[in-house]
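**Q** structure_7.cif is reproduced in full below (mmCIF, C-alpha atoms).
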```cif
data_my_file
#
loop_
_atom_site.label_atom_id
_atom_site.label_comp_id
_atom_site.auth_asym_id
_atom_site.auth_seq_id
_atom_site.Cartn_x
_atom_site.Cartn_y
_atom_site.Cartn_z
CA MET A 39 -33.61 19.47 38.41
CA GLY A 40 -35.80 20.45 35.46
CA LEU A 41 -37.36 23.87 35.78
CA PRO A 42 -41.16 23.74 36.11
CA LEU A 43 -43.42 25.37 33.53
CA GLY A 44 -45.59 26.54 36.36
CA ALA A 45 -46.81 25.56 39.79
CA ALA A 46 -48.55 22.58 38.24
CA LEU A 47 -45.23 21.20 37.05
CA ALA A 48 -43.21 21.80 40.16
CA ALA A 49 -44.04 18.80 42.28
CA CYS A 50 -46.20 15.75 42.54
CA GLY A 51 -48.69 15.06 45.26
CA THR A 52 -49.46 11.45 44.87
CA SER A 53 -48.49 9.89 48.14
CA GLY A 54 -47.59 6.39 49.09
CA PRO A 55 -49.87 3.83 50.66
CA SER A 56 -50.58 3.74 54.37
CA ARG A 57 -52.49 2.03 57.15
CA PRO A 58 -55.31 3.20 59.49
CA GLY A 59 -54.65 6.13 61.82
CA ALA A 60 -52.91 5.85 65.17
CA GLU A 61 -51.17 8.09 67.65
CA ALA A 62 -47.46 8.03 67.00
CA SER A 63 -45.00 7.39 69.77
CA SER A 64 -43.26 10.37 71.28
CA SER A 65 -40.73 10.84 74.02
CA GLY A 66 -42.84 13.62 75.45
CA GLY A 67 -41.70 16.75 77.25
CA ALA A 68 -41.41 18.15 80.73
CA ALA A 69 -44.52 18.85 82.75
CA GLY A 70 -46.15 22.07 81.58
CA ALA A 71 -44.02 22.21 78.42
CA ALA A 72 -45.54 23.54 75.21
CA THR A 73 -46.63 20.91 72.68
CA ALA A 74 -47.21 21.26 68.95
CA THR A 75 -49.28 18.71 67.01
CA TYR A 76 -48.09 16.84 63.92
CA TRP A 77 -50.19 14.65 61.62
CA TYR A 78 -48.51 12.51 59.00
CA LEU A 79 -48.91 9.42 56.84
CA SER A 80 -48.42 5.93 58.18
CA VAL A 81 -46.91 2.76 56.64
CA GLN A 82 -43.41 1.49 57.09
CA PRO A 83 -40.63 2.27 56.43
CA GLN A 84 -41.59 5.95 55.90
CA GLU A 85 -43.63 6.18 59.08
CA GLY A 86 -40.67 5.02 61.15
CA VAL A 87 -38.38 7.73 59.76
CA ARG A 88 -40.95 10.41 60.54
CA THR A 89 -41.61 9.11 64.03
CA ARG A 90 -37.92 8.79 64.94
CA ALA A 91 -37.21 12.33 63.70
CA MET A 92 -39.96 13.57 66.00
CA GLU A 93 -38.61 11.54 68.92
CA ARG A 94 -35.07 12.87 68.44
CA PHE A 95 -36.43 16.41 68.32
CA ASN A 96 -38.45 15.89 71.50
CA LYS A 97 -35.46 14.46 73.34
CA ALA A 98 -33.37 17.49 72.38
CA ASN A 99 -36.16 19.98 73.13
CA PRO A 100 -38.03 18.85 76.27
CA SER A 101 -39.47 22.33 76.82
CA GLY A 102 -41.25 22.37 73.47
CA THR A 103 -42.20 19.03 71.94
CA LEU A 104 -44.20 17.53 69.09
CA LYS A 105 -47.11 15.10 69.45
CA GLY A 106 -47.64 12.97 66.36
CA THR A 107 -50.68 11.19 64.95
CA THR A 108 -50.58 8.93 61.90
CA PHE A 109 -53.26 8.37 59.27
CA ALA A 110 -53.70 6.24 56.16
CA ASN A 111 -53.47 8.17 52.90
CA ASP A 112 -57.14 8.64 52.03
CA ALA A 113 -58.19 9.03 55.66
CA PHE A 114 -55.57 11.75 56.09
CA LYS A 115 -56.84 13.71 53.08
CA THR A 116 -60.37 13.72 54.48
CA LYS A 117 -59.36 14.42 58.08
CA ILE A 118 -56.97 17.29 57.32
CA LYS A 119 -59.47 19.01 55.01
CA THR A 120 -62.18 18.82 57.67
CA ALA A 121 -59.89 19.98 60.47
CA ILE A 122 -58.55 22.95 58.52
CA GLY A 123 -62.06 23.97 57.47
CA ALA A 124 -63.15 23.91 61.11
CA GLY A 125 -60.13 25.93 62.25
CA GLN A 126 -58.82 22.92 64.19
CA ALA A 127 -55.79 21.97 62.14
CA PRO A 128 -52.69 20.46 63.73
CA THR A 129 -49.75 22.81 64.18
CA LEU A 130 -47.85 21.08 61.38
CA ILE A 131 -49.85 20.48 58.21
CA TRP A 132 -48.15 17.74 56.17
CA GLY A 133 -49.05 17.68 52.48
CA TRP A 134 -48.08 17.83 48.83
CA GLY A 135 -48.19 21.54 48.01
CA GLY A 136 -49.85 22.75 44.82
CA GLY A 137 -53.60 23.30 44.59
CA GLY A 138 -54.31 22.01 48.08
CA LEU A 139 -51.82 24.42 49.60
CA ARG A 140 -53.23 27.25 47.49
CA SER A 141 -56.71 26.63 48.93
CA TYR A 142 -55.27 26.83 52.45
CA VAL A 143 -53.49 30.08 51.59
CA GLN A 144 -56.63 31.61 50.11
CA ALA A 145 -58.53 30.71 53.28
CA GLY A 146 -55.82 32.25 55.49
CA GLN A 147 -55.16 28.93 57.21
CA VAL A 148 -51.36 28.68 56.88
CA GLU A 149 -48.42 30.89 57.83
CA ASP A 150 -46.44 32.87 55.27
CA LEU A 151 -42.89 31.51 55.69
CA THR A 152 -41.19 33.80 53.18
CA SER A 153 -39.50 36.05 55.74
CA TRP A 154 -38.55 33.04 57.90
CA PHE A 155 -36.68 31.50 54.96
CA GLU A 156 -34.99 34.83 54.29
CA GLU A 157 -33.83 34.91 57.91
CA ASN A 158 -32.80 31.26 57.78
CA ALA A 159 -31.07 31.14 54.41
CA ALA A 160 -28.83 28.30 55.56
CA VAL A 161 -31.90 26.07 55.97
CA LYS A 162 -33.23 26.98 52.54
CA ASP A 163 -29.84 26.36 50.96
CA LYS A 164 -29.85 22.76 52.19
CA LEU A 165 -32.81 21.94 49.95
CA PHE A 166 -33.06 21.49 46.18
CA PRO A 167 -34.31 24.79 44.68
CA SER A 168 -36.92 23.09 42.49
CA SER A 169 -38.60 21.63 45.58
CA PHE A 170 -39.91 25.10 46.43
CA GLY A 171 -42.13 25.35 43.34
CA ALA A 172 -45.13 23.59 44.90
CA ALA A 173 -44.51 25.41 48.20
CA THR A 174 -44.82 28.83 46.57
CA ILE A 175 -48.13 30.61 46.01
CA ASP A 176 -48.20 34.02 44.31
CA GLY A 177 -44.48 34.46 44.92
CA LYS A 178 -44.57 33.65 48.64
CA ILE A 179 -43.44 30.47 50.40
CA TYR A 180 -46.06 28.78 52.57
CA ALA A 181 -44.49 25.36 53.16
CA MET A 182 -41.23 23.72 54.05
CA PRO A 183 -40.06 21.16 51.44
CA CYS A 184 -39.06 17.95 53.20
CA GLU A 185 -38.46 14.21 53.05
CA THR A 186 -37.79 12.70 49.63
CA MET A 187 -37.90 12.96 45.84
CA GLN A 188 -40.23 10.26 44.52
CA PRO A 189 -40.75 10.02 40.77
CA ILE A 190 -43.33 7.52 39.56
CA VAL A 191 -41.54 4.38 38.39
CA LEU A 192 -42.42 1.54 36.04
CA TYR A 193 -41.45 -1.51 38.11
CA TYR A 194 -41.24 -4.99 36.64
CA ASP A 195 -40.53 -8.57 37.69
CA LYS A 196 -37.52 -9.87 35.77
CA ARG A 197 -38.69 -13.42 36.40
CA ALA A 198 -41.97 -12.80 34.58
CA PHE A 199 -40.13 -11.53 31.51
CA GLU A 200 -37.85 -14.55 31.57
CA LYS A 201 -40.88 -16.84 31.57
CA ILE A 202 -42.18 -15.41 28.29
CA ASN A 203 -38.70 -14.72 26.88
CA ALA A 204 -39.32 -10.99 26.46
CA LYS A 205 -37.61 -7.69 27.21
CA PRO A 206 -39.01 -4.71 29.18
CA PRO A 207 -41.11 -2.36 27.01
CA GLU A 208 -39.33 0.40 25.13
CA SER A 209 -42.52 1.93 23.72
CA TRP A 210 -46.30 1.97 24.10
CA ALA A 211 -46.53 -0.51 21.22
CA ASP A 212 -44.30 -2.85 23.21
CA ILE A 213 -46.63 -2.56 26.20
CA MET A 214 -49.66 -3.47 24.11
CA ALA A 215 -47.77 -6.38 22.50
CA LEU A 216 -46.74 -7.76 25.89
CA VAL A 217 -50.30 -7.82 27.26
CA PRO A 218 -51.55 -10.94 25.41
CA LYS A 219 -48.24 -12.73 25.99
CA PHE A 220 -48.41 -12.33 29.76
CA ASN A 221 -52.11 -13.18 29.87
CA ALA A 222 -51.41 -16.37 27.90
CA ALA A 223 -48.78 -17.30 30.49
CA GLY A 224 -51.25 -16.79 33.34
CA ILE A 225 -49.54 -13.61 34.56
CA ALA A 226 -51.40 -10.28 34.79
CA PRO A 227 -49.55 -7.70 32.66
CA PHE A 228 -49.97 -4.94 35.27
CA SER A 229 -50.84 -4.79 38.95
CA LEU A 230 -53.08 -1.89 39.95
CA GLY A 231 -54.69 -0.82 43.23
CA GLY A 232 -57.57 0.79 41.40
CA GLN A 233 -59.83 1.26 44.40
CA SER A 234 -57.49 4.00 45.57
CA ARG A 235 -58.14 5.99 42.34
CA TRP A 236 -54.95 8.09 42.48
CA THR A 237 -53.03 5.00 41.37
CA ASN A 238 -55.04 5.02 38.12
CA MET A 239 -54.26 8.70 37.69
CA MET A 240 -50.53 8.07 37.34
CA TRP A 241 -51.22 6.25 34.08
CA LEU A 242 -53.06 9.20 32.61
CA GLU A 243 -50.38 11.63 33.74
CA PHE A 244 -47.76 9.75 31.75
CA LEU A 245 -49.99 9.19 28.71
CA PHE A 246 -50.85 12.89 28.51
CA ASP A 247 -47.18 13.81 28.89
CA ARG A 248 -45.74 11.28 26.46
CA LEU A 249 -48.31 12.18 23.78
CA GLY A 250 -48.33 15.95 24.13
CA GLY A 251 -45.79 17.06 26.70
CA PRO A 252 -46.59 18.86 29.98
CA GLU A 253 -48.38 21.65 28.09
CA VAL A 254 -51.54 19.53 27.76
CA PHE A 255 -52.26 19.47 31.49
CA GLN A 256 -50.76 22.93 31.95
CA ALA A 257 -53.69 24.25 29.92
CA VAL A 258 -56.04 22.69 32.48
CA PHE A 259 -54.08 24.20 35.35
CA ASP A 260 -54.15 27.59 33.58
CA GLU A 261 -57.95 27.23 33.43
CA GLN A 262 -58.22 27.37 29.65
CA LYS A 263 -61.75 26.70 28.46
CA ASP A 264 -62.42 23.10 27.38
CA ALA A 265 -58.75 22.16 27.93
CA TRP A 266 -59.71 18.54 28.63
CA SER A 267 -61.12 18.28 25.10
CA ASN A 268 -57.69 18.72 23.53
CA PRO A 269 -57.42 16.01 20.83
CA ILE A 270 -54.22 14.80 22.52
CA ALA A 271 -56.12 14.37 25.78
CA ILE A 272 -58.86 12.39 24.02
CA ASP A 273 -56.18 10.23 22.38
CA ALA A 274 -54.57 9.54 25.76
CA LEU A 275 -57.91 8.65 27.37
CA THR A 276 -58.72 6.37 24.43
CA LYS A 277 -55.37 4.57 24.66
CA MET A 278 -55.97 4.09 28.37
CA GLN A 279 -59.27 2.33 27.75
CA GLU A 280 -57.72 0.25 24.98
CA LEU A 281 -55.22 -1.13 27.49
CA ILE A 282 -58.00 -1.84 29.99
CA LYS A 283 -60.17 -3.57 27.35
CA ALA A 284 -57.16 -5.70 26.36
CA ASP A 285 -57.02 -7.03 29.96
CA GLY A 286 -53.86 -5.11 30.66
CA PHE A 287 -54.56 -5.05 34.41
CA ILE A 288 -55.04 -7.68 37.07
CA LYS A 289 -58.61 -8.98 37.25
CA GLY A 290 -60.63 -7.11 39.88
CA PHE A 291 -58.22 -4.16 40.04
CA SER A 292 -61.05 -1.79 41.00
CA SER A 293 -61.39 -3.56 44.35
CA ILE A 294 -57.66 -3.65 45.17
CA THR A 295 -56.30 -0.98 47.53
CA ALA A 296 -52.94 0.70 47.51
CA ASP A 297 -53.19 1.56 51.21
CA SER A 298 -52.83 -2.14 52.05
CA ASN A 299 -49.87 -2.59 49.65
CA ALA A 300 -51.89 -5.36 47.98
CA ASP A 301 -50.89 -4.07 44.54
CA GLN A 302 -47.20 -4.37 45.41
CA ALA A 303 -47.70 -7.91 46.71
CA LEU A 304 -49.14 -8.94 43.35
CA LEU A 305 -45.88 -7.89 41.71
CA TYR A 306 -43.41 -9.51 44.09
CA THR A 307 -45.39 -12.76 44.38
CA GLY A 308 -45.29 -13.22 40.61
CA LYS A 309 -48.99 -12.68 39.95
CA ALA A 310 -48.33 -9.52 37.89
CA ALA A 311 -45.42 -8.66 35.60
CA MET A 312 -45.33 -4.86 35.93
CA MET A 313 -46.61 -2.01 38.09
CA LEU A 314 -46.62 1.77 37.66
CA HIS A 315 -46.19 3.24 41.12
CA GLY A 316 -44.28 5.67 43.31
CA GLY A 317 -40.63 5.55 44.25
CA TRP A 318 -41.74 4.88 47.84
CA CYS A 319 -42.75 1.34 46.86
CA TYR A 320 -39.14 0.21 46.62
CA GLY A 321 -38.64 0.33 50.39
CA SER A 322 -41.84 -1.52 51.23
CA MET A 323 -41.24 -4.18 48.56
CA LYS A 324 -37.75 -4.67 49.93
CA ALA A 325 -39.14 -5.05 53.45
CA ASP A 326 -42.15 -7.22 52.63
CA GLY A 327 -41.26 -9.03 49.41
CA GLY A 328 -38.87 -11.70 50.68
CA ASP A 329 -35.92 -11.95 48.27
CA PHE A 330 -37.70 -10.05 45.47
CA VAL A 331 -35.43 -7.01 45.83
CA SER A 332 -32.39 -8.57 47.50
CA GLY A 333 -32.37 -11.41 44.98
CA GLY A 334 -32.18 -9.01 42.05
CA HIS A 335 -35.63 -9.86 40.66
CA LEU A 336 -36.96 -6.27 40.67
CA GLY A 337 -36.45 -4.16 37.56
CA TYR A 338 -37.35 -0.48 37.16
CA MET A 339 -37.44 2.15 34.44
CA ASN A 340 -38.99 5.44 33.41
CA PHE A 341 -42.25 5.26 31.46
CA PRO A 342 -41.49 4.56 27.79
CA PRO A 343 -42.26 6.94 24.92
CA ILE A 344 -45.36 6.66 22.75
CA GLU A 345 -44.94 6.45 19.00
CA GLY A 346 -45.50 9.87 17.45
CA GLY A 347 -45.73 11.56 20.85
CA LYS A 348 -44.36 15.06 21.45
CA GLY A 349 -43.43 14.59 25.10
CA ASP A 350 -39.79 14.33 26.12
CA PRO A 351 -39.13 10.75 27.34
CA SER A 352 -37.03 12.14 30.20
CA ASN A 353 -40.11 13.79 31.74
CA THR A 354 -41.48 12.34 34.92
CA VAL A 355 -44.26 12.81 37.44
CA GLY A 356 -44.05 12.25 41.16
CA ASN A 357 -42.90 14.00 44.33
CA PRO A 358 -39.79 16.18 44.22
CA GLY A 359 -40.57 16.63 47.89
CA GLN A 360 -43.28 16.56 50.50
CA TYR A 361 -44.36 19.73 52.30
CA MET A 362 -45.07 20.98 55.80
CA SER A 363 -46.97 24.16 56.54
CA ILE A 364 -47.70 25.80 59.88
CA SER A 365 -51.30 26.46 60.87
CA SER A 366 -52.10 30.15 61.19
CA LYS A 367 -54.38 29.19 64.10
CA ALA A 368 -51.48 27.77 66.15
CA THR A 369 -50.24 29.65 69.21
CA PRO A 370 -46.95 31.59 69.02
CA GLU A 371 -45.32 28.88 71.14
CA GLU A 372 -46.54 26.11 68.83
CA LYS A 373 -45.32 27.99 65.78
CA GLU A 374 -41.85 28.38 67.29
CA ILE A 375 -41.67 24.65 68.00
CA ALA A 376 -42.59 23.93 64.39
CA LYS A 377 -39.98 26.31 63.01
CA LYS A 378 -37.31 24.84 65.27
CA PHE A 379 -38.22 21.39 63.94
CA PHE A 380 -37.88 22.73 60.39
CA ALA A 381 -34.43 24.16 61.09
CA THR A 382 -33.03 21.15 62.92
CA GLU A 383 -34.22 17.55 62.75
CA LEU A 384 -36.17 17.87 59.50
CA VAL A 385 -32.96 18.68 57.60
CA SER A 386 -30.52 16.77 59.79
CA GLU A 387 -27.86 14.42 58.48
CA THR A 388 -29.39 11.63 60.56
CA SER A 389 -32.78 12.09 58.90
CA ALA A 390 -31.13 12.12 55.46
CA LYS A 391 -29.30 8.87 56.24
CA GLU A 392 -32.51 7.24 57.45
CA TRP A 393 -34.36 8.18 54.26
CA VAL A 394 -31.52 6.74 52.18
CA ALA A 395 -31.73 3.56 54.25
CA THR A 396 -35.37 3.15 53.14
CA GLY A 397 -34.29 3.23 49.49
CA ALA A 398 -35.32 6.86 48.97
CA VAL A 399 -33.55 10.03 47.81
CA PRO A 400 -33.77 12.93 50.31
CA VAL A 401 -34.47 16.48 49.13
CA ILE A 402 -31.42 17.54 51.12
CA LYS A 403 -28.42 18.59 49.05
CA GLY A 404 -25.42 16.31 49.34
CA ALA A 405 -27.46 13.33 50.51
CA ASP A 406 -26.30 11.44 47.43
CA LYS A 407 -22.94 10.95 49.13
CA GLU A 408 -24.71 8.30 51.21
CA PHE A 409 -25.56 6.24 48.11
CA ALA A 410 -22.12 4.68 47.64
CA THR A 411 -22.31 2.64 50.83
CA SER A 412 -26.00 1.77 50.45
CA GLU A 413 -27.08 -1.68 49.26
CA ASP A 414 -29.75 0.24 47.33
CA LYS A 415 -27.26 2.45 45.50
CA ASP A 416 -28.46 1.38 42.03
CA PHE A 417 -32.08 2.29 42.70
CA LEU A 418 -31.11 5.48 44.51
CA GLY A 419 -28.96 6.52 41.57
CA PHE A 420 -31.82 5.77 39.18
CA VAL A 421 -34.24 7.93 41.20
CA TYR A 422 -31.73 10.73 41.57
CA ASN A 423 -30.88 10.79 37.86
CA THR A 424 -34.54 10.59 36.86
CA ALA A 425 -35.38 13.57 39.03
CA VAL A 426 -32.36 15.66 38.15
CA ASN A 427 -32.46 14.99 34.40
CA ALA A 428 -36.20 15.37 33.87
CA LYS A 429 -37.08 18.23 31.52
CA ALA A 430 -40.35 18.47 33.47
CA PHE A 431 -41.20 16.97 36.84
CA ALA A 432 -44.98 17.25 36.86
CA GLN A 433 -47.18 17.71 39.88
CA SER A 434 -49.83 15.12 40.49
CA TRP A 435 -53.13 16.28 39.04
CA ASP A 436 -55.15 15.77 42.21
CA GLN A 437 -52.75 18.09 44.02
CA ALA A 438 -52.33 20.67 41.26
CA LEU A 439 -56.09 21.20 41.07
CA SER A 440 -58.34 22.60 43.76
CA PRO A 441 -59.77 20.06 46.22
CA THR A 442 -63.18 20.42 44.56
CA ALA A 443 -61.91 19.77 41.04
CA ALA A 444 -59.59 17.03 42.31
CA GLU A 445 -62.46 15.00 43.77
CA VAL A 446 -64.39 15.23 40.50
CA LEU A 447 -61.20 14.20 38.70
CA LEU A 448 -60.66 11.10 40.83
CA ASP A 449 -64.30 10.10 40.53
CA ASN A 450 -64.21 10.38 36.74
CA ILE A 451 -60.89 8.55 36.49
CA SER A 452 -62.47 5.68 38.41
CA LYS A 453 -65.40 5.64 35.98
CA LEU A 454 -63.05 5.81 33.00
CA PHE A 455 -61.13 2.77 34.25
CA GLN A 456 -64.36 0.90 34.92
CA LEU A 457 -65.37 1.69 31.31
CA SER A 458 -68.60 3.30 32.52
CA ILE A 459 -67.86 6.59 30.70
CA THR A 460 -66.23 7.35 27.36
CA PRO A 461 -63.18 9.59 26.86
CA GLN A 462 -65.50 12.30 25.51
CA GLU A 463 -67.75 12.06 28.57
CA PHE A 464 -64.70 12.25 30.82
CA ALA A 465 -63.57 15.43 29.04
CA THR A 466 -67.03 17.01 29.27
CA ASN A 467 -67.32 16.25 32.98
CA MET A 468 -63.85 17.67 33.68
CA ASN A 469 -64.32 20.76 31.54
CA ALA A 470 -67.27 21.64 33.79
CA VAL A 471 -65.02 22.05 36.83
CA ILE A 472 -62.10 23.91 35.25
CA GLY A 473 -61.27 26.80 37.57
CA LYS A 474 -63.59 25.60 40.36
#
```
Is it possible to give me this structure as structure tokens?
**A**
Amino acid sequence: MGLPLGAALAACGTSGPSRPGAEASSSGGAAGAATATYWYLSVQPQEGVRTRAMERFNKANPSGTLKGTTFANDAFKTKIKTAIGAGQAPTLIWGWGGGGLRSYVQAGQVEDLTSWFEENAAVKDKLFPSSFGAATIDGKIYAMPCETMQPIVLYYDKRAFEKINAKPPESWADIMALVPKFNAAGIAPFSLGGQSRWTNMMWLEFLFDRLGGPEVFQAVFDEQKDAWSNPIAIDALTKMQELIKADGFIKGFSSITADSNADQALLYTGKAAMMLHGGWCYGSMKADGGDFVSGGHLGYMNFPPIEGGKGDPSNTVGNPGQYMSISSKATPEEKEIAKKFFATELVSETSAKEWVATGAVPVIKGADKEFATSEDKDFLGFVYNTAVNAKAFAQSWDQALSPTAAEVLLDNISKLFQLSITPQEFATNMNAVIGK
């Protein structure tokens, strides 16, 4: 895996879509047994893997069980922030590491797991070393890397390209040239769940990287004055609006949500030709898209280079893992249950196999041996190679930044995509919250 330039380049925090919150099923424990709480994201097939891991753990540990509650993506972000601020966090705090985790650490809300990992070296050795970047704050580990590596992928419908007799884009110029061709054929060039905001952000992450390399956003993360005004950043923001003005996205994208998977449906039903989205979408498109995946109609690739850009085309953004921390407010008994879950079911071979079955690549070493017998082996190999060969695997901006700066970022990205602010106004607004 590519070594990160800093915490901002160690992992991505953009999560997949999800549905409204609900209490997850659990096998429960014996009367009077200790119970730890666990909040996590919903939507199948990921939700099912998480829930079954919890159920297996509870069955094996009736004297100390987990109680799970699921939330949709955006609802989770709001709920967890409020709960932690009120000192009422669940025992297990699921998240994306980076700036959000740093804010928890600074507030003394999560356990320092450094010594636990030293005492449980076998657990740490099961995980890819690079997954610990976004779990580490000031040299100490505050979260357990878990689940899957999920680079952001440029998906496309092979059938749409056949209709206009074209090939997938190999450059930014190709993308811009394809836009009028697809529009003329009555197919939206790109699907986008713009109401969710973080889906828009993935576009900017790649444009910044392909034009200037990871150093452009690294300057923001390092709190350099007026870093958003970098000419490369302005160029990227300008190119973004040029694509929007050219009708590069599905009409009404600002009212389409990713949590409902509506953006994915536009791709597999033939209404859109391409979609930039997370690796987690493969599993849901396979489950919900009829024969779109099984029939060989889905294509996928890394984001293409931009003419004259300095960024390495192997670079990616996404999730080299998800992260679980333990609330510092939890009781000693609850903390022990959480750590036992970390050391057992969270890194079990069964869990790894289940993640592979969803079309995802686990962060557990050796899980790639499961690919050969998987019907999704081609996609799994693509994800694995993308993650392993990336010179930089950049953390999602809204997770690298503080929660305060991240909210301003998402708000301004929404305005940028709605063409209500200029690239220069975007930069000015973002420069004002550097370091806040």
**Q** So what does the PyMOL selection byres ((chain A and resi 173) around 9) actually pick up in this one, as a list of chain:residue names?
**A**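 On this input, the PyMOL selection byres ((chain A and resi 173) around 9) captures A:Ala45, A:Ala48, A:Ala49, A:Trp134, A:Gly135, A:Gly136, A:Leu139, A:Arg140, A:Ser169, A:Phe170, A:Gly171, A:Ala172, A:Thr174, A:Ile175, A:Lys178, A:Ile179, A:Tyr180, A:Ala181, A:Met182, A:Pro183, A:Tyr361, A:Met362, A:Ser363.
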**Q** Hey, which of A:Gly177, A:Ala303, A:Leu192, A:Met323 ends up closest to Glu208 (chain A)? Count all atoms listed in the file.
**A**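 Closest to Glu208 (chain A), using all atoms listed in the file: A:Leu192.
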**Q** If we count only C-alpha atoms, what is near region 387-392 of chain A at a cut-off of 9 Å, once residues fewer than 4 positions away on the same chain are taken out, given as a short mmCIF file (atom, residue, chain, number, x, y, z; two decimals) with C-alpha atoms, keeping the file's coordinate frame?
**A**
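Written file, selection35.cif:
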```cif
data_model
loop_
_atom_site.label_atom_id
_atom_site.label_comp_id
_atom_site.auth_asym_id
_atom_site.auth_seq_id
_atom_site.Cartn_x
_atom_site.Cartn_y
_atom_site.Cartn_z
CA VAL A 87 -38.38 7.73 59.76
CA ARG A 88 -40.95 10.41 60.54
CA ARG A 90 -37.92 8.79 64.94
CA ALA A 91 -37.21 12.33 63.70
CA GLU A 185 -38.46 14.21 53.05
CA THR A 186 -37.79 12.70 49.63
CA GLU A 383 -34.22 17.55 62.75
CA THR A 396 -35.37 3.15 53.14
CA ALA A 398 -35.32 6.86 48.97
CA VAL A 399 -33.55 10.03 47.81
CA PRO A 400 -33.77 12.93 50.31
CA VAL A 401 -34.47 16.48 49.13
CA ILE A 402 -31.42 17.54 51.12
CA ALA A 405 -27.46 13.33 50.51
CA GLU A 408 -24.71 8.30 51.21
#
```
**Q** Please return, as a PDB file with C-alpha atoms, keeping the file's coordinate frame, all polymer residues that have at least one atom within 10 Å of the point (-56.6, 1.8, 28.3); use all atoms listed in the file and the file's own coordinate frame.
**A**
```pdb
ATOM      1  CA  MET A 214     -49.660  -3.470  24.110  1.00  0.00           C
ATOM      2  CA  TRP A 241     -51.220   6.250  34.080  1.00  0.00           C
ATOM      3  CA  LEU A 242     -53.060   9.200  32.610  1.00  0.00           C
ATOM      4  CA  LEU A 245     -49.990   9.190  28.710  1.00  0.00           C
ATOM      5  CA  ALA A 274     -54.570   9.540  25.760  1.00  0.00           C
ATOM      6  CA  LEU A 275     -57.910   8.650  27.370  1.00  0.00           C
ATOM      7  CA  THR A 276     -58.720   6.370  24.430  1.00  0.00           C
ATOM      8  CA  LYS A 277     -55.370   4.570  24.660  1.00  0.00           C
ATOM      9  CA  MET A 278     -55.970   4.090  28.370  1.00  0.00           C
ATOM     10  CA  GLN A 279     -59.270   2.330  27.750  1.00  0.00           C
ATOM     11  CA  GLU A 280     -57.720   0.250  24.980  1.00  0.00           C
ATOM     12  CA  LEU A 281     -55.220  -1.130  27.490  1.00  0.00           C
ATOM     13  CA  ILE A 282     -58.000  -1.840  29.990  1.00  0.00           C
ATOM     14  CA  LYS A 283     -60.170  -3.570  27.350  1.00  0.00           C
ATOM     15  CA  ALA A 284     -57.160  -5.700  26.360  1.00  0.00           C
ATOM     16  CA  ASP A 285     -57.020  -7.030  29.960  1.00  0.00           C
ATOM     17  CA  GLY A 286     -53.860  -5.110  30.660  1.00  0.00           C
ATOM     18  CA  PHE A 287     -54.560  -5.050  34.410  1.00  0.00           C
ATOM     19  CA  LEU A 454     -63.050   5.810  33.000  1.00  0.00           C
ATOM     20  CA  PHE A 455     -61.130   2.770  34.250  1.00  0.00           C
ATOM     21  CA  LEU A 457     -65.370   1.690  31.310  1.00  0.00           C
TER      22      LEU A 457
END
```
**Q** Might you spell out which residues the PyMOL selection byres ((chain A and resi 463) around 12) would select in the displayed file, as a PDB file with C-alpha atoms, keeping the file's coordinate frame?
**A**
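Heads up, here's the output in out37.pdb:
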```
ATOM      1  CA  TRP A 266     -59.710  18.540  28.630  1.00  0.00           C
ATOM      2  CA  SER A 267     -61.120  18.280  25.100  1.00  0.00           C
ATOM      3  CA  ILE A 272     -58.860  12.390  24.020  1.00  0.00           C
ATOM      4  CA  LEU A 275     -57.910   8.650  27.370  1.00  0.00           C
ATOM      5  CA  THR A 276     -58.720   6.370  24.430  1.00  0.00           C
ATOM      6  CA  ASN A 450     -64.210  10.380  36.740  1.00  0.00           C
ATOM      7  CA  ILE A 451     -60.890   8.550  36.490  1.00  0.00           C
ATOM      8  CA  LYS A 453     -65.400   5.640  35.980  1.00  0.00           C
ATOM      9  CA  LEU A 454     -63.050   5.810  33.000  1.00  0.00           C
ATOM     10  CA  LEU A 457     -65.370   1.690  31.310  1.00  0.00           C
ATOM     11  CA  SER A 458     -68.600   3.300  32.520  1.00  0.00           C
ATOM     12  CA  ILE A 459     -67.860   6.590  30.700  1.00  0.00           C
ATOM     13  CA  THR A 460     -66.230   7.350  27.360  1.00  0.00           C
ATOM     14  CA  PRO A 461     -63.180   9.590  26.860  1.00  0.00           C
ATOM     15  CA  GLN A 462     -65.500  12.300  25.510  1.00  0.00           C
ATOM     16  CA  PHE A 464     -64.700  12.250  30.820  1.00  0.00           C
ATOM     17  CA  ALA A 465     -63.570  15.430  29.040  1.00  0.00           C
ATOM     18  CA  THR A 466     -67.030  17.010  29.270  1.00  0.00           C
ATOM     19  CA  ASN A 467     -67.320  16.250  32.980  1.00  0.00           C
ATOM     20  CA  MET A 468     -63.850  17.670  33.680  1.00  0.00           C
ATOM     21  CA  ASN A 469     -64.320  20.760  31.540  1.00  0.00           C
ATOM     22  CA  ALA A 470     -67.270  21.640  33.790  1.00  0.00           C
TER      23      ALA A 470
END
```
**Q** For Gly231 (chain A), which residue out of A:Ser452, A:Leu165, A:Ala432, A:Lys205 is the nearest one, using all atoms listed in the file?
**A**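 Of the candidates, the smallest distance to Gly231 (chain A) is held by A:Ser452.
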**Q** Take the PyMOL selection byres ((chain A and resi 424) around 9), run it mentally on this structure, and tell me the resulting residues as a PyMOL selection string.
**A** chain A and resi 189+340+352-354+419-423+425-428
**Q** Find the axis-aligned box for region 213-224 of chain A, covering all its listed atoms and adding 8 Å on each side, and write its centre and edge lengths in Å to one decimal as JSON.
**A**
```
{"center_x": -49.4, "center_y": -9.9, "center_z": 27.9, "size_x": 21.5, "size_y": 30.7, "size_z": 26.8}
```
